[in-house]
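Containing mmCIF, C-alpha atoms: data.cif.
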data_target
#
loop_
_atom_site.label_atom_id
_atom_site.label_comp_id
_atom_site.auth_asym_id
_atom_site.auth_seq_id
_atom_site.Cartn_x
_atom_site.Cartn_y
_atom_site.Cartn_z
CA MET A 1 -16.81 3.77 26.18
CA GLN A 2 -15.61 1.84 29.20
CA ASP A 3 -12.48 0.74 27.30
CA ILE A 4 -11.69 4.35 26.39
CA THR A 5 -12.15 5.43 30.03
CA LEU A 6 -9.80 2.69 31.19
CA LEU A 7 -7.24 3.69 28.56
CA MET A 8 -7.38 7.33 29.72
CA GLN A 9 -6.50 6.16 33.24
CA ASP A 10 -3.60 4.00 32.06
CA PRO A 11 -0.21 5.82 32.06
CA THR A 12 1.27 3.32 29.59
CA ALA A 13 -1.53 4.14 27.14
CA TRP A 14 -0.61 7.85 27.31
CA ILE A 15 3.07 7.02 26.73
CA ALA A 16 2.09 4.86 23.75
CA LEU A 17 -0.10 7.67 22.40
CA ILE A 18 2.61 10.34 22.65
CA THR A 19 5.23 8.01 21.14
CA LEU A 20 2.91 7.05 18.30
CA ILE A 21 1.99 10.70 17.57
CA VAL A 22 5.70 11.58 17.31
CA MET A 23 6.29 8.57 15.04
CA GLU A 24 3.32 9.44 12.80
CA VAL A 25 4.41 13.09 12.52
CA VAL A 26 7.95 12.04 11.58
CA LEU A 27 6.65 9.52 9.02
CA GLY A 28 4.36 12.24 7.65
CA ILE A 29 7.33 14.51 6.81
CA ASP A 30 8.08 12.38 3.74
CA ASN A 31 4.54 12.76 2.46
CA LEU A 32 4.49 16.48 3.27
CA ILE A 33 7.68 17.20 1.30
CA PHE A 34 6.23 15.43 -1.73
CA ILE A 35 2.90 17.28 -1.48
CA SER A 36 4.68 20.65 -1.08
CA ILE A 37 6.88 20.16 -4.14
CA LEU A 38 4.02 18.86 -6.27
CA THR A 39 1.46 21.54 -5.37
CA ASN A 40 4.02 24.33 -5.92
CA LYS A 41 3.90 23.42 -9.62
CA LEU A 42 0.21 24.36 -9.78
CA PRO A 43 -1.16 27.88 -10.33
CA GLU A 44 -1.01 29.81 -7.05
CA GLU A 45 -4.80 29.97 -6.61
CA ASN A 46 -5.02 26.14 -6.66
CA ARG A 47 -2.12 25.26 -4.38
CA GLU A 48 -3.82 25.57 -0.99
CA LYS A 49 -6.87 23.67 -2.23
CA ALA A 50 -4.71 20.85 -3.61
CA ARG A 51 -2.75 20.61 -0.34
CA ARG A 52 -5.93 20.44 1.73
CA ILE A 53 -7.50 17.83 -0.54
CA GLY A 54 -4.30 15.76 -0.61
CA ILE A 55 -3.86 15.79 3.18
CA GLY A 56 -7.60 15.26 3.69
CA LEU A 57 -7.42 12.16 1.49
CA ALA A 58 -4.47 10.96 3.57
CA LEU A 59 -6.60 11.22 6.72
CA VAL A 60 -9.58 9.44 5.13
CA MET A 61 -7.34 6.68 3.78
CA ARG A 62 -5.59 6.09 7.11
CA LEU A 63 -8.83 6.02 9.07
CA ALA A 64 -10.31 3.62 6.50
CA LEU A 65 -7.25 1.38 6.79
CA LEU A 66 -7.54 1.47 10.60
CA GLY A 67 -11.04 0.05 10.16
CA THR A 68 -9.48 -2.97 8.47
CA VAL A 69 -6.58 -3.55 10.87
CA ALA A 70 -6.95 -7.34 10.68
CA TRP A 71 -6.58 -7.17 6.89
CA ILE A 72 -3.70 -4.70 7.10
CA VAL A 73 -1.76 -7.07 9.39
CA GLN A 74 -2.17 -9.81 6.78
CA LEU A 75 -0.38 -7.61 4.24
CA THR A 76 2.88 -8.61 5.93
CA THR A 77 2.31 -12.31 5.12
CA PRO A 78 4.61 -13.48 2.27
CA VAL A 79 2.78 -14.06 -1.02
CA PHE A 80 5.70 -15.44 -3.05
CA GLU A 81 9.44 -15.95 -2.70
CA ALA A 82 12.21 -14.67 -4.95
CA PHE A 83 15.95 -14.12 -4.46
CA GLY A 84 15.68 -15.85 -1.10
CA HIS A 85 13.16 -13.31 0.22
CA GLY A 86 9.45 -13.78 0.83
CA PHE A 87 7.59 -10.84 -0.71
CA SER A 88 4.36 -9.67 0.97
CA TRP A 89 1.78 -7.20 -0.33
CA LYS A 90 3.35 -4.60 1.96
CA ASP A 91 6.74 -5.22 0.33
CA MET A 92 5.28 -4.85 -3.16
CA ILE A 93 3.46 -1.63 -2.20
CA LEU A 94 6.68 -0.19 -0.72
CA ILE A 95 8.70 -1.15 -3.82
CA ALA A 96 6.09 0.36 -6.17
CA GLY A 97 5.93 3.56 -4.10
CA GLY A 98 9.71 3.74 -3.89
CA LEU A 99 10.10 3.35 -7.66
CA PHE A 100 7.51 6.07 -8.22
CA LEU A 101 9.30 8.43 -5.83
CA VAL A 102 12.69 7.78 -7.45
CA TRP A 103 11.21 8.34 -10.91
CA LYS A 104 9.34 11.48 -9.87
CA ALA A 105 12.28 13.00 -7.98
CA THR A 106 14.70 12.21 -10.85
CA LYS A 107 12.33 13.80 -13.37
CA GLU A 108 11.92 16.92 -11.21
CA ILE A 109 15.69 17.21 -10.69
CA HIS A 110 16.17 17.01 -14.46
CA HIS A 111 13.53 19.71 -14.92
CA ASN A 112 15.25 21.97 -12.38
CA VAL A 113 18.66 21.45 -13.98
CA ASP A 114 17.32 21.86 -17.53
CA PRO A 115 14.15 24.03 -17.45
CA ALA A 116 14.01 23.99 -21.26
CA ASP A 117 12.36 20.58 -21.00
CA HIS A 118 9.35 22.12 -19.26
CA GLU A 119 6.98 20.96 -22.00
CA GLU A 120 7.95 17.36 -21.27
CA ASP A 121 6.67 17.59 -17.71
CA PHE A 122 3.86 15.10 -17.24
CA ILE A 123 1.78 17.64 -15.30
CA ALA A 124 -0.14 19.24 -18.15
CA SER A 125 -0.14 22.98 -18.66
CA SER A 126 -3.89 23.40 -18.28
CA VAL A 127 -5.13 24.12 -14.77
CA THR A 128 -7.79 21.40 -14.68
CA THR A 129 -5.56 18.60 -15.93
CA GLY A 130 -2.66 19.77 -13.75
CA PHE A 131 -4.85 19.84 -10.66
CA THR A 132 -6.27 16.38 -11.37
CA ALA A 133 -2.82 14.93 -12.09
CA ALA A 134 -1.42 16.42 -8.88
CA ILE A 135 -4.25 15.00 -6.75
CA GLY A 136 -3.81 11.60 -8.43
CA GLN A 137 -0.10 11.50 -7.60
CA ILE A 138 -0.72 12.69 -4.03
CA LEU A 139 -3.35 9.95 -3.62
CA LEU A 140 -0.91 7.31 -4.90
CA LEU A 141 1.79 8.32 -2.42
CA ASP A 142 -0.82 8.70 0.34
CA LEU A 143 -1.61 5.00 -0.13
CA VAL A 144 2.04 3.97 0.20
CA PHE A 145 2.73 6.13 3.25
CA SER A 146 -0.63 5.25 4.83
CA VAL A 147 0.04 1.50 4.67
CA ASP A 148 3.51 2.02 6.18
CA SER A 149 2.06 4.36 8.82
CA ILE A 150 -0.75 2.02 9.89
CA ILE A 151 1.49 -1.06 10.04
CA THR A 152 3.86 0.97 12.25
CA ALA A 153 0.92 1.95 14.48
CA VAL A 154 -0.31 -1.65 14.76
CA GLY A 155 3.19 -2.72 15.76
CA MET A 156 3.33 -0.13 18.55
CA THR A 157 -0.04 -0.55 20.25
CA PRO A 158 -3.00 -2.97 20.09
CA HIS A 159 -5.53 -0.25 21.04
CA LEU A 160 -7.51 1.13 18.10
CA PRO A 161 -8.59 4.40 19.87
CA ILE A 162 -4.92 5.28 20.45
CA MET A 163 -4.15 4.67 16.76
CA VAL A 164 -7.09 6.82 15.64
CA VAL A 165 -6.14 9.75 17.90
CA ALA A 166 -2.47 9.55 16.84
CA VAL A 167 -3.37 9.50 13.13
CA VAL A 168 -5.80 12.44 13.45
CA VAL A 169 -3.27 14.54 15.42
CA ALA A 170 -0.44 13.73 12.98
CA VAL A 171 -2.51 14.59 9.90
CA THR A 172 -3.70 17.82 11.59
CA VAL A 173 -0.05 18.78 12.15
CA MET A 174 0.59 18.04 8.45
CA LEU A 175 -2.34 20.25 7.48
CA VAL A 176 -1.10 23.16 9.60
CA ALA A 177 2.52 22.79 8.44
CA SER A 178 1.81 22.21 4.74
CA GLY A 179 1.28 25.88 3.80
CA PRO A 180 4.36 27.35 5.52
CA LEU A 181 6.55 24.49 4.28
CA ALA A 182 5.36 24.88 0.68
CA ARG A 183 5.92 28.65 0.77
CA PHE A 184 9.38 28.20 2.31
CA ILE A 185 10.35 25.71 -0.41
CA GLU A 186 9.00 28.05 -3.11
CA LYS A 187 10.96 31.06 -1.83
CA ASN A 188 14.22 29.13 -1.53
CA PRO A 189 15.11 27.39 -4.83
CA THR A 190 18.07 25.52 -3.32
CA ILE A 191 15.70 23.95 -0.80
CA VAL A 192 13.77 22.41 -3.72
CA MET A 193 16.85 20.48 -4.84
CA LEU A 194 17.54 19.41 -1.26
CA ALA A 195 13.93 18.23 -0.84
CA LEU A 196 14.12 16.31 -4.13
CA GLY A 197 17.30 14.68 -2.83
CA PHE A 198 15.33 13.69 0.28
CA LEU A 199 12.64 12.13 -1.92
CA LEU A 200 15.30 10.15 -3.81
CA MET A 201 16.69 8.85 -0.53
CA ILE A 202 13.22 8.03 0.82
CA GLY A 203 12.30 6.24 -2.43
CA THR A 204 15.51 4.19 -2.32
CA THR A 205 14.83 3.35 1.32
CA LEU A 206 11.29 2.17 0.49
CA ILE A 207 12.66 -0.08 -2.27
CA ALA A 208 15.29 -1.50 0.09
CA GLU A 209 12.66 -2.15 2.78
CA GLY A 210 10.47 -3.90 0.21
CA MET A 211 13.42 -6.08 -0.82
CA GLY A 212 13.92 -7.15 2.79
CA ILE A 213 16.89 -4.88 3.54
CA HIS A 214 16.11 -3.05 6.77
CA VAL A 215 17.34 0.54 6.82
CA PRO A 216 17.02 2.10 10.31
CA LYS A 217 14.83 5.18 9.86
CA GLY A 218 16.84 6.98 12.52
CA TYR A 219 19.84 7.06 10.17
CA VAL A 220 17.71 8.37 7.30
CA TYR A 221 16.14 11.17 9.33
CA ALA A 222 19.47 12.04 10.95
CA ALA A 223 21.01 12.43 7.47
CA MET A 224 18.05 14.58 6.40
CA ALA A 225 18.34 16.75 9.51
CA PHE A 226 22.11 17.21 9.01
CA SER A 227 21.63 18.12 5.33
CA ALA A 228 18.90 20.60 6.25
CA LEU A 229 21.17 22.18 8.90
CA VAL A 230 23.98 22.61 6.34
CA GLU A 231 21.54 24.21 3.88
CA VAL A 232 20.27 26.60 6.59
CA LEU A 233 23.87 27.67 7.24
CA ASN A 234 24.36 28.20 3.49
CA MET A 235 21.19 30.33 3.36
CA LEU A 236 22.35 32.46 6.30
CA SER A 237 25.75 32.90 4.64
CA ARG A 238 24.16 33.97 1.33
CA ARG A 239 21.88 36.46 3.04
CA LYS A 240 24.80 37.97 4.97
CA ARG A 241 26.78 38.41 1.73
CA GLN A 242 23.75 40.03 0.07
CA ARG A 243 23.33 42.46 3.00
CA ASP A 244 27.04 43.33 2.93
CA LYS A 245 26.89 43.88 -0.82
CA ALA A 246 23.79 46.09 -0.50
CA ALA A 247 25.45 48.09 2.29
CA LYS A 248 28.48 48.83 0.08
CA HIS A 249 26.21 50.24 -2.62
#
Encoded form (structure tokens):
Amino acid sequence: MQDITLLMQDPTAWIALITLIVMEVVLGIDNLIFISILTNKLPEENREKARRIGIGLALVMRLALLGTVAWIVQLTTPVFEAFGHGFSWKDMILIAGGLFLVWKATKEIHHNVDPADHEEDFIASSVTTGFTAAIGQILLLDLVFSVDSIITAVGMTPHLPIMVVAVVVAVTVMLVASGPLARFIEKNPTIVMLALGFLLMIGTTLIAEGMGIHVPKGYVYAAMAFSALVEVLNMLSRRKRQRDKAAKH
């Protein structure tokens, strides 16, 4: 309790907390896009439940990982060397998660381009199986993003209370934003393709990071923000043309 009181009186601790919250929220965007796309494939009555369970699992997993910070730090220790690079457990988790994201995004892009292959989608048509499959995939990506998130937090501050508060606030923001984001993606089909492109880029970035090639996240998020801005302009242009067309009739 005394440590927490001292932290609350330390201006640098507040700066670290705010910075870490912003970082965690930004890192959570990747996870949120994936959850939104995946849950939109479920029957409407199950979507909100799946999003809440998926984001709730993300919170539980991150808090659990924070309880094993010493072990998490050891994940960055090289386990074996190949191609002149020492691979750690973190690297292998990032590569596995990146490959999954690339595969998933590619499969979803193919489905959007050629809807006739709907029966080949690995999310089964029955509600129960589809719900279970969706939660399983969300849990898998939660693990990848949680490990990356916690290692980022450990690198920014040594204080566990600050990490816990930042993680809880970031996941709460994800929970609040998940519904509106999912509905926005559902109502705008072109946004789905853009979001899948984001997932492809994120997956490729995770693989590169795992292979020891550092990709500044600022460049990635700047590219995503620019692409989103262009798509917003396209949406505004389409709506204006539709209004003009309706006015003529």
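Evaluated against the shown file, the PyMOL selection byres ((chain A and resi 88) around 6) gives Thr76, Thr77, Pro78, Val79, Phe87, Trp89, Lys90 and Asp91 of chain A.
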Best match for closeness to Ile53 in chain A among A:Leu66, A:Thr132, A:Thr205, A:Ile162, counting all atoms listed in the file
A:Thr132
If we count all atoms listed in the file and set the cut-off at 8 Å, which residues sit around range 94-102 of chain A, ignoring sequence neighbours fewer than 6 positions away in its own chain? Please answer as an MDAnalysis selection string.
chainID A and resid 140:141 144 148 199:200 202:211
Would you put the residues from that selection into a file with C-alpha atoms, as a PDB file, keeping the file's coordinate frame?
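What follows is the written file again03.pdb:
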ATOM      1  CA  LEU A 140      -0.910   7.310  -4.900  1.00  0.00           C
ATOM      2  CA  LEU A 141       1.790   8.320  -2.420  1.00  0.00           C
ATOM      3  CA  VAL A 144       2.040   3.970   0.200  1.00  0.00           C
ATOM      4  CA  ASP A 148       3.510   2.020   6.180  1.00  0.00           C
ATOM      5  CA  LEU A 199      12.640  12.130  -1.920  1.00  0.00           C
ATOM      6  CA  LEU A 200      15.300  10.150  -3.810  1.00  0.00           C
ATOM      7  CA  ILE A 202      13.220   8.030   0.820  1.00  0.00           C
ATOM      8  CA  GLY A 203      12.300   6.240  -2.430  1.00  0.00           C
ATOM      9  CA  THR A 204      15.510   4.190  -2.320  1.00  0.00           C
ATOM     10  CA  THR A 205      14.830   3.350   1.320  1.00  0.00           C
ATOM     11  CA  LEU A 206      11.290   2.170   0.490  1.00  0.00           C
ATOM     12  CA  ILE A 207      12.660  -0.080  -2.270  1.00  0.00           C
ATOM     13  CA  ALA A 208      15.290  -1.500   0.090  1.00  0.00           C
ATOM     14  CA  GLU A 209      12.660  -2.150   2.780  1.00  0.00           C
ATOM     15  CA  GLY A 210      10.470  -3.900   0.210  1.00  0.00           C
ATOM     16  CA  MET A 211      13.420  -6.080  -0.820  1.00  0.00           C
TER      17      MET A 211
END
Hey, what's within 12 Å of Ala153 in chain A if we count only C-alpha atoms and toss same-chain stuff fewer than 2 positions away? As a ChimeraX atom specification, please?
/A:16-25,27,62-63,65-66,69,72-73,146-151,155-167,170
Apply the PyMOL selection byres ((chain A and resi 221) around 12) to the structure shown and report the selected residues as a list of chain:residue names.
A:Met23, A:Val26, A:Leu27, A:Gly28, A:Ile29, A:Asp30, A:Phe198, A:Leu199, A:Met201, A:Ile202, A:Thr205, A:Val215, A:Pro216, A:Lys217, A:Gly218, A:Tyr219, A:Val220, A:Ala222, A:Ala223, A:Met224, A:Ala225, A:Phe226, A:Ser227, A:Ala228
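With only C-alpha atoms as the atoms that count, the residue of A:Arg243, A:Leu42, A:Met193, A:Glu48 with the shortest distance to Lys107 in chain A is A:Met193.
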Residue members of the PyMOL selection byres ((chain A and resi 59) around 9) in the file shown, as a ChimeraX atom specification
/A:54-58,60-64,142,146,167-168,171-172
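Here CA of Asp114 in chain A is placed at a distance of 18.9 Å from CA of Ile185 in chain A.
The spacing separating CA of Asn112 in chain A from CA of Leu229 in chain A amounts to 22.1 Å.
A straight line drawn from CA of Ala195 in chain A to CA of Ala133 in chain A is 20.4 Å long.
For the set A:Leu194, A:Val154, A:Trp14, A:Glu108, the residue with the smallest atom-to-atom gap to Gly67 in chain A is A:Val154, counting only C-alpha atoms.
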Coordinates of box centre and edge lengths for range 87-90 of chain A, 4 Å on every side, axis-aligned, as JSON:
{"center_x": 4.7, "center_y": -7.7, "center_z": 0.6, "size_x": 13.8, "size_y": 14.2, "size_z": 10.7}
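Remark: for Pro43 in chain A, the closest of the candidate residues A:Phe131, A:Gly86, A:Asp244, A:Lys104 is A:Phe131 (distances computed over all atoms listed in the file).
The smallest atom-to-atom distance between Ile35 in chain A and any of A:Trp71, A:Thr12, A:Ala82, A:Leu181, using all atoms listed in the file, is found for A:Leu181.
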